[in-house]
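Down below is the structure, laid out as structure tokens.
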2 protein chains.
Amino acid sequence: MERLDAIFSPKSVAVVGASTVPGKVGHDLFANILRGGYTGILYPVNPAARSVLSVKAYPTLKDIPDPVELAILVVPPKAALAVVDEAAQKGVKAVVIVSAGFREVGPEGRAIEESIAARCREAGMRLVGPNCLGVINPHPSVRMNASFSNRMPAPGHISFISQSGALCTSVLDFAAERDFGFSKFISIGNKADVDELDLLRYLHQDEDTQVIMIYLEELRRGPEFIQEVKEITSGDRPTPVLVIKSGRTVAGAQAAASHTGSLAGSEAVYEAIFKQAGILRVDSIEELFNFAGAFARKKTPLGNKVAIVTNAGGPGIVATDMTISSGLELARFREETVEALQSHLPATANLHNPVDVIGDATQDRYEKALEAVIKDQGVDGALVILTPQSMTNALETAKAIVKIDQRTQKPILCCFMGIFDVSAGVKVLQEHGLPVYRFPEHAAKAFGALYRYSSWLNRQKLAQFSLQHDKEKARLIIEAALQQNRMALTEWEGAELVRCYGFQTLPSFVASTREEAVDYAASLTFPVAMKIVSPQILHKSDAKGVRLNLASPREVAEAFDTIVANAKAYNPEAEILGVLVQKMAPSGDEVILGMTRYPVFGPLLMFGLGGIFVEVFKDVEFRMAPIGRNEARRMIRGIRGYDLLKGVRGRPEADTGVLERYLVSLSNLVLDHPEIKELDMNPVLVHPKGSGATVADVRVILEPVKGL
Amino acid sequence: MERLDAIFSPKSVAVVGASTVPGKVGHDLFANILRGGYTGILYPVNPAARSVLSVKAYPTLKDIPDPVELAILVVPPKAALAVVDEAAQKGVKAVVIVSAGFREVGPEGRAIEESIAARCREAGMRLVGPNCLGVINPHPSVRMNASFSNRMPAPGHISFISQSGALCTSVLDFAAERDFGFSKFISIGNKADVDELDLLRYLHQDEDTQVIMIYLEELRRGPEFIQEVKEITSGDRPTPVLVIKSGRTVAGAQAAASHTGSLAGSEAVYEAIFKQAGILRVDSIEELFNFAGAFARKKTPLGNKVAIVTNAGGPGIVATDMTISSGLELARFREETVEALQSHLPATANLHNPVDVIGDATQDRYEKALEAVIKDQGVDGALVILTPQSMTNALETAKAIVKIDQRTQKPILCCFMGIFDVSAGVKVLQEHGLPVYRFPEHAAKAFGALYRYSSWLNRQKLAQFSLQHDKEKARLIIEAALQQNRMALTEWEGAELVRCYGFQTLPSFVASTREEAVDYAASLTFPVAMKIVSPQILHKSDAKGVRLNLASPREVAEAFDTIVANAKAYNPEAEILGVLVQKMAPSGDEVILGMTRYPVFGPLLMFGLGGIFVEVFKDVEFRMAPIGRNEARRMIRGIRGYDLLKGVRGRPEADTGVLERYLVSLSNLVLDHPEIKELDMNPVLVHPKGSGATVADVRVILEPVKGL
């Protein structure tokens, strides 16, 4: 923490590589700090210059007679290593390496970067970059603009962490136009040391930061990221975190042979991490701004009931549409509210939501209407829409809105439509921290984001399951297969494995001969199912290795021969261990539970409706293990087809309680046994409420774990 | 047409109700025309003033000694009627009524509006409004700003039709900021005479108009709208039409209904109309601008392969994501292209799509890179992204882009990220008509819209089916039911009806006694299905009136009694006509075909996957009848679950050919018989390719047609 203070609020800064040539990064960056009004002491380091921009220069860091807290390096990679060494010796607390040419250019650059990071760790110096744009802290007590951009943003309460340096310049440019204030602004580049998690921890403690925006290209930490960020977004003093993560479509392209693998690209990993950490993901750079503006006001709605006050019908309708499609509802006003509106508004006004105060409305009418609706207990917040019309006074209306905003804890978001005619009003709103937009759809979407965050803060917390598993038996099943060098469990072994963790499977038996098959089938009730058992045949249907509804001993005998013949035809090399004879699955809704293990991030769990739903509609939810009952419930409720499980049109409600337990058990199973690389239960048949669920098929792929 | 010229390009204008009091609409509107530099002759009409803004005033229209082409009325409703009369006598060609207080305020206002419209019709005068903002034509030969807004937009090639007056002011305000030029700009208010279709016809012929934007709250014409607009958007000299239609959600539709005082048609009706007319629907006001800017350049891509040229990785990735999610693909460059890029770009540049010309790129590098990729035969257009960095010269880069744009027919869309640093470049691009955006996602989405339009222009045109129907027999079935005053056909009658139009149904028979049921069942192959037949029981499953898979005479007999008993218990009043004994449906994919008839708009056809898909996923497509084979195919391919019908994971491909024929037949059936109010075939079982489809259940609701 303390060492990160040296990055954002250093008492002294040395720019190593400060240049006398305008246009060079080493010059411009130095000039930006100097001209930005930095409140500490600034030293240029340049062996060839006596001064830079009238400031006495030093040949090396060591030559500076005073302590230096932050060293900013604008020197080539190889030189950087030597400077870092020197900085360590001088007791510098933190280093920012702006220059590029490190891991992003190849192995040699990566090696230098790793040496530098190691040297910093040894010396207890924090390192930002390399290959970054720099750091900005606009707070009046610091005023440090250590960046390429000569535009120092206004001080404010939004912090921005960017993995792309180029994006920073554009963001600063937009921010200037919108009067968007920042608390801390940092470009993290290659993240050789300081990464987004370090910064999230730091900014969460920072009293000036009320919302954190991140532009992210990749994460390098999984489980600890989720665990810690969850606390940041919803623990004591929660701080909302908004992320734009690029690479949404490119990822997931590597179609693994396995079923789950083909759905769960690494995009699914990020979706899961953001959901579990309580991070709001936004779709575009513009949304990042729009939402951050709303969060900076520090008011979250208690519910999703919105009141709209407008002076024009059309934009009111657009706002209504976008309100609904952002997951919100239009509030229904109480009688007192309608009466209050009636007493203040003309006869032609609409007294119901959306309230239309009519084109000729002055500030008074807005004030009275907004006051009436915001008082209503059934209203969780308001959207105020203003279009410039002949009687409109944008400035005075803004002042009236500010007055009401200061008296309520409910969020008020404004949409002043237009640029020139409304700019005086917009300015007043911005000065008072009120979120203001140009288009009603942006205001409605931002309110939707506030509500999503409020739902996250107030999410249900269930008692956890107390589960007993036969971990040792499961270990033996896995070990036996690995000792035989088999990476795929047979269906029979898979069923054994999941039974150890409390899953209900179908009674079954692997028959080696048709006689064994007929005998076992007779011991069950007809009809039965039969499936090929071969470690080399994973997709049994493709091999025509599955027969269902076999109703007599004769059919069973016949099926045995056909299945074995089909399997041999499908893959002459396949080792055929026998044919599984299985009780026919009782009816139920088909769902799928799956897991794919990712390096670094660990096991990704999947839940969805089975069969064609997963194939065609990709209606699945992902989470990273471990999960408890709360996440399990959110997974189940998160799929679009959840209504189906709740029961529609006379269908019985499915036993989703047991599904919650199954998901938690799956999470435990794959965490207990890191050798499980992939696991699919497809389908799992969920029976009506109270009747449990049956795993009808299991597929397990193993991978030996090094060092175990 | 000629009469609409009088609205947009009148040689003389009279403002009736021109006022001497600034702030009054009658004053401001007159002032805006006068100060806007109108090239014709302007007359104020005001009985109480000698002049308005130094222009000689006349007590009445009649007193004006010269001919008046356009009269703009700013007078109360009752007075307006008299003025319209006078205008008719004077030979005025067109009237714009700006004032409100007509149909939107109640029956009295509506009556006045109707009288005025009738009077205008008689006199052959066209009428715009009432309750509108006015008309603007910025063309240098006219320069008429007959609106409340004192901001005259620049001349350009985009026309805007708005049903909301308030929105117009905001739109003009945005347009001013973005240097957005307009051809014609009109607020249509209550549409007592001139409506969007009249204007679309007119603007389609207008040489200055290259794209038409509409803000729509409701349509009052259905089939002719589709027919004519289809010609406008894709006939000779196609003109793209973009619409924002509010009231998308139920709440939004209610707000629209209370605002316009009209019964808004269902959302599905509008979706269908827009699709069939080739209108591009946009989600927000901002998108309307973003897309219109791209269409105004008049270049549509031949395919969906996009090249991205960027000087920053991050925004390039965002653009890539949005390109893919806008239905586009990243082009794969040919070898020559990669070689050309290699010869012009530094070693660290990315030579593949998205092309990264690196942060220090000057205009030359952009020019060479863009030139290389735009030449590539596999590239259909380009997105150029520029972020301001130290070496960036936005102005010169813009000039280089313009140069290349002038040499190619492929669309080039630009994203200059930032406001201040890039404004000189943005201005140059705008001056040359190049679409330029602030965020990469906007540019990518706009390209997606261009491609959607290009797909519409180049859509497949199939030979139509030649179908024979037994229209007369169908008429008799319907007549018989109506004569008995029955509004619901029984399932048996419904099956008869659709068979007349070539649908295949299941062999079936209505048994009145258990003996009849057993006898008929025996004549089919077991198992059979049985269903209650009662005009009062439409949802047979809810009444437990359906039994499937009955495998023996004993089961059939038992089922007969149970079904009848269940039906009586469900609705003791129900008239039970018997029990339908039916061959069990052969297996197939379940789909649903349906129709609901709407006043004004006519029959809305529906197609979707059946069963739970329609219930839970709402995966359906709508079209207005009539449709031919082309629309039928687009409906089938339009559902998300289409992959299912194409065959996935070893499932056979379904007979979608017969589905196309069924949809066309359904369209014919409901057009031939206007008494059919609703019709549902659910499920229709589609068998594998070549094996047809079977209608397993039909539900038909009738309504007598007045005057037939």
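Each chain of the structure tokens is named A, B, ... in the order shown, its residues numbered from 1; ligands are numbered from 1 in display order.
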* Quick one: everything within 10 Å of Ser141 (chain A), counting only C-alpha atoms, minus sequence neighbours fewer than 4 positions away in the same chain. Send it as a PyMOL selection string. => chain A and resi 9+38-40+137
* **Distance filter 8 Å, only C-alpha atoms, chain A against chain B, as an MDAnalysis selection string** => chainID A and resid 23 25 105 148 164 166:167 169:171 173:174 177 217 246:250 284:286 312:318 320:321 324:325 330 348 354 359 387:391 417:421 439 441 542 612 615:617 640:641 643:644 648 650
* Asked: After fitting chain B to chain A over all Cα atoms matched in order, what RMSD is left?
  -> 2.7 Å
* **Atomic distance CA of Lys230 (chain B) - CA of Val282 (chain B), expressed in Å with one decimal** =>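 CA of Val282 (chain B) lies at a distance of 17.6 Å from CA of Lys230 (chain B).
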* Asked: If we count only C-alpha atoms, what is near Glu371 (chain A) at a cut-off of 10 Å, once residues fewer than 2 positions away on the same chain are taken out, given as a list in words?
  -> Thr337, Ala340, Leu341, Arg365, Tyr366, Glu367, Lys368, Ala369, Val373, Ile374, Lys375, Asp376, Ala400, Ile401, Lys403, Ile404, Asp405, Arg407 and Thr408 of chain A
Restrict the selected residues to all heavy atoms and save them as a short mmCIF file (atom, residue, chain, number, x, y, z; two decimals), in the first residue's frame.
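Produced file result_7.cif, reproduced below:
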```
data_model
loop_
_atom_site.label_atom_id
_atom_site.label_comp_id
_atom_site.auth_asym_id
_atom_site.auth_seq_id
_atom_site.Cartn_x
_atom_site.Cartn_y
_atom_site.Cartn_z
N THR A 337 -49.49 10.95 -4.82
CA THR A 337 -48.57 11.46 -5.83
C THR A 337 -49.34 12.01 -7.03
O THR A 337 -49.06 13.11 -7.51
CB THR A 337 -47.61 10.34 -6.28
OG1 THR A 337 -47.03 9.77 -5.11
CG2 THR A 337 -46.53 10.86 -7.20
N ALA A 340 -50.89 15.22 -6.09
CA ALA A 340 -49.91 16.32 -6.04
C ALA A 340 -49.57 16.77 -7.46
O ALA A 340 -49.51 17.98 -7.75
CB ALA A 340 -48.64 15.86 -5.31
N LEU A 341 -49.39 15.82 -8.37
CA LEU A 341 -49.07 16.16 -9.75
C LEU A 341 -50.22 16.96 -10.37
O LEU A 341 -50.01 17.96 -11.04
CB LEU A 341 -48.81 14.89 -10.58
CG LEU A 341 -47.51 14.14 -10.26
CD1 LEU A 341 -47.46 12.79 -10.97
CD2 LEU A 341 -46.29 14.98 -10.67
N ARG A 365 -42.51 23.82 -12.80
CA ARG A 365 -43.31 22.64 -13.05
C ARG A 365 -42.46 21.37 -12.93
O ARG A 365 -42.88 20.38 -12.36
CB ARG A 365 -43.92 22.75 -14.44
CG ARG A 365 -45.34 22.25 -14.46
CD ARG A 365 -45.86 22.20 -15.87
NE ARG A 365 -46.43 23.45 -16.32
CZ ARG A 365 -46.70 23.69 -17.62
NH1 ARG A 365 -46.43 22.79 -18.54
NH2 ARG A 365 -47.22 24.84 -17.98
N TYR A 366 -41.23 21.45 -13.45
CA TYR A 366 -40.30 20.33 -13.28
C TYR A 366 -40.06 20.05 -11.80
O TYR A 366 -40.07 18.92 -11.35
CB TYR A 366 -38.95 20.66 -13.94
CG TYR A 366 -38.79 20.11 -15.34
CD1 TYR A 366 -38.87 20.95 -16.45
CD2 TYR A 366 -38.53 18.76 -15.56
CE1 TYR A 366 -38.71 20.45 -17.74
CE2 TYR A 366 -38.38 18.26 -16.85
CZ TYR A 366 -38.46 19.10 -17.93
OH TYR A 366 -38.29 18.60 -19.19
N GLU A 367 -39.83 21.13 -11.05
CA GLU A 367 -39.48 20.97 -9.64
C GLU A 367 -40.61 20.29 -8.89
O GLU A 367 -40.40 19.34 -8.13
CB GLU A 367 -39.18 22.35 -9.04
CG GLU A 367 -38.73 22.24 -7.59
CD GLU A 367 -38.26 23.57 -7.02
OE1 GLU A 367 -38.05 24.52 -7.81
OE2 GLU A 367 -38.10 23.65 -5.78
N LYS A 368 -41.84 20.78 -9.10
CA LYS A 368 -42.98 20.23 -8.38
C LYS A 368 -43.21 18.76 -8.76
O LYS A 368 -43.49 17.91 -7.92
CB LYS A 368 -44.26 21.02 -8.71
CG LYS A 368 -44.19 22.49 -8.31
CD LYS A 368 -44.21 22.67 -6.81
CE LYS A 368 -44.36 24.16 -6.48
NZ LYS A 368 -43.90 24.46 -5.12
N ALA A 369 -43.11 18.49 -10.05
CA ALA A 369 -43.37 17.12 -10.52
C ALA A 369 -42.31 16.16 -9.97
O ALA A 369 -42.63 15.09 -9.44
CB ALA A 369 -43.38 17.08 -12.04
N VAL A 373 -42.88 12.93 -7.35
CA VAL A 373 -42.64 11.51 -7.67
C VAL A 373 -41.51 10.94 -6.82
O VAL A 373 -41.56 9.78 -6.43
CB VAL A 373 -42.35 11.27 -9.18
CG1 VAL A 373 -43.53 11.73 -10.03
CG2 VAL A 373 -41.06 11.94 -9.64
N ILE A 374 -40.52 11.75 -6.50
CA ILE A 374 -39.37 11.20 -5.77
C ILE A 374 -39.77 10.88 -4.33
O ILE A 374 -39.17 10.03 -3.67
CB ILE A 374 -38.15 12.16 -5.85
CG1 ILE A 374 -36.84 11.37 -5.77
CG2 ILE A 374 -38.16 13.23 -4.77
CD1 ILE A 374 -36.44 10.70 -7.03
N LYS A 375 -40.79 11.56 -3.82
CA LYS A 375 -41.31 11.28 -2.47
C LYS A 375 -42.08 9.97 -2.39
O LYS A 375 -42.22 9.39 -1.33
CB LYS A 375 -42.29 12.40 -2.10
CG LYS A 375 -41.74 13.49 -1.22
CD LYS A 375 -42.90 14.30 -0.69
CE LYS A 375 -42.50 15.72 -0.36
NZ LYS A 375 -43.65 16.63 -0.47
N ASP A 376 -42.61 9.54 -3.52
CA ASP A 376 -43.47 8.36 -3.56
C ASP A 376 -42.69 7.13 -3.10
O ASP A 376 -41.60 6.87 -3.60
CB ASP A 376 -43.98 8.17 -5.00
CG ASP A 376 -45.09 7.15 -5.10
OD1 ASP A 376 -44.92 6.03 -4.58
OD2 ASP A 376 -46.13 7.48 -5.69
N ALA A 400 -33.20 23.54 -10.12
CA ALA A 400 -34.31 22.94 -9.38
C ALA A 400 -34.06 21.45 -9.15
O ALA A 400 -34.32 20.92 -8.06
CB ALA A 400 -35.61 23.14 -10.17
N ILE A 401 -33.51 20.78 -10.15
CA ILE A 401 -33.23 19.34 -10.00
C ILE A 401 -32.17 19.13 -8.93
O ILE A 401 -32.28 18.23 -8.09
CB ILE A 401 -32.77 18.73 -11.35
CG1 ILE A 401 -33.90 18.82 -12.38
CG2 ILE A 401 -32.34 17.29 -11.17
CD1 ILE A 401 -33.48 18.48 -13.82
N LYS A 403 -31.57 20.94 -6.38
CA LYS A 403 -32.18 21.17 -5.07
C LYS A 403 -32.86 19.88 -4.58
O LYS A 403 -32.68 19.46 -3.43
CB LYS A 403 -33.22 22.29 -5.21
CG LYS A 403 -33.32 23.20 -4.01
CD LYS A 403 -34.51 24.14 -4.08
CE LYS A 403 -34.46 25.11 -5.27
NZ LYS A 403 -35.73 25.86 -5.42
N ILE A 404 -33.62 19.26 -5.44
CA ILE A 404 -34.34 18.05 -5.03
C ILE A 404 -33.37 16.90 -4.83
O ILE A 404 -33.49 16.13 -3.88
CB ILE A 404 -35.40 17.71 -6.10
CG1 ILE A 404 -36.35 18.91 -6.16
CG2 ILE A 404 -36.11 16.40 -5.76
CD1 ILE A 404 -37.64 18.67 -6.80
N ASP A 405 -32.37 16.82 -5.67
CA ASP A 405 -31.37 15.75 -5.54
C ASP A 405 -30.69 15.79 -4.18
O ASP A 405 -30.38 14.76 -3.59
CB ASP A 405 -30.32 15.89 -6.66
CG ASP A 405 -29.23 14.84 -6.55
OD1 ASP A 405 -29.54 13.65 -6.78
OD2 ASP A 405 -28.08 15.18 -6.22
N ARG A 407 -31.94 16.59 -1.44
CA ARG A 407 -32.84 16.20 -0.34
C ARG A 407 -33.22 14.72 -0.36
O ARG A 407 -33.99 14.29 0.48
CB ARG A 407 -34.13 17.03 -0.45
CG ARG A 407 -33.98 18.45 0.04
CD ARG A 407 -35.34 19.11 0.17
NE ARG A 407 -35.44 20.30 -0.63
CZ ARG A 407 -36.42 20.57 -1.48
NH1 ARG A 407 -37.41 19.73 -1.66
NH2 ARG A 407 -36.42 21.71 -2.15
N THR A 408 -32.73 13.97 -1.33
CA THR A 408 -33.16 12.57 -1.41
C THR A 408 -31.98 11.64 -1.53
O THR A 408 -30.91 12.03 -2.00
CB THR A 408 -34.10 12.36 -2.62
OG1 THR A 408 -34.48 10.97 -2.67
CG2 THR A 408 -33.43 12.71 -3.93
#
```
* Could you please write out, as a list in words, every residue of region 439-593 of chain A that DSSP assigns to strand (DSSP E or B)? =>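 Result set for region 439-593 of chain A (strand (DSSP E or B)): Ala488, Thr505, Ser508, Phe509, Val510, Ala511, Val528, Ala529, Met530, Lys531, Ile532, Val533, Val546, Arg547, Leu548, Asn549, Leu550, Gly578, Val579, Leu580, Val581, Gln582, Lys583, Asp589, Glu590, Val591, Ile592 and Leu593 of chain A.
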* To do: Please identify all polymer residues within 8 Å of region 501-515 of chain A, counting only C-alpha atoms, omitting same-chain residues fewer than 6 positions from it, and present them as a VMD selection string.
  => chain A and resid 468 to 471 492 495 533 556 to 557 560 to 561 577 to 585 662 665 to 666 669 693 to 696
* Rounded to one decimal in Å, what is the spacing between CA of Gly378 (chain B) and CA of Asp364 (chain B)? ->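 The value is 23.2 Å.
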* Asked: Neighbours of Leu476 (chain B) within 12 Å (only C-alpha atoms; same-chain residues fewer than 4 positions away dropped), as an NGL selection string?
  -> :B and (470-472 or 480-483 or 493 or 496-497 or 500 or 673 or 675)
* In Å, how far is it from CA of Ile41 (chain A) to CA of Asp195 (chain A)? ->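 For CA of Ile41 (chain A) relative to CA of Asp195 (chain A), the distance reads 26.7 Å.
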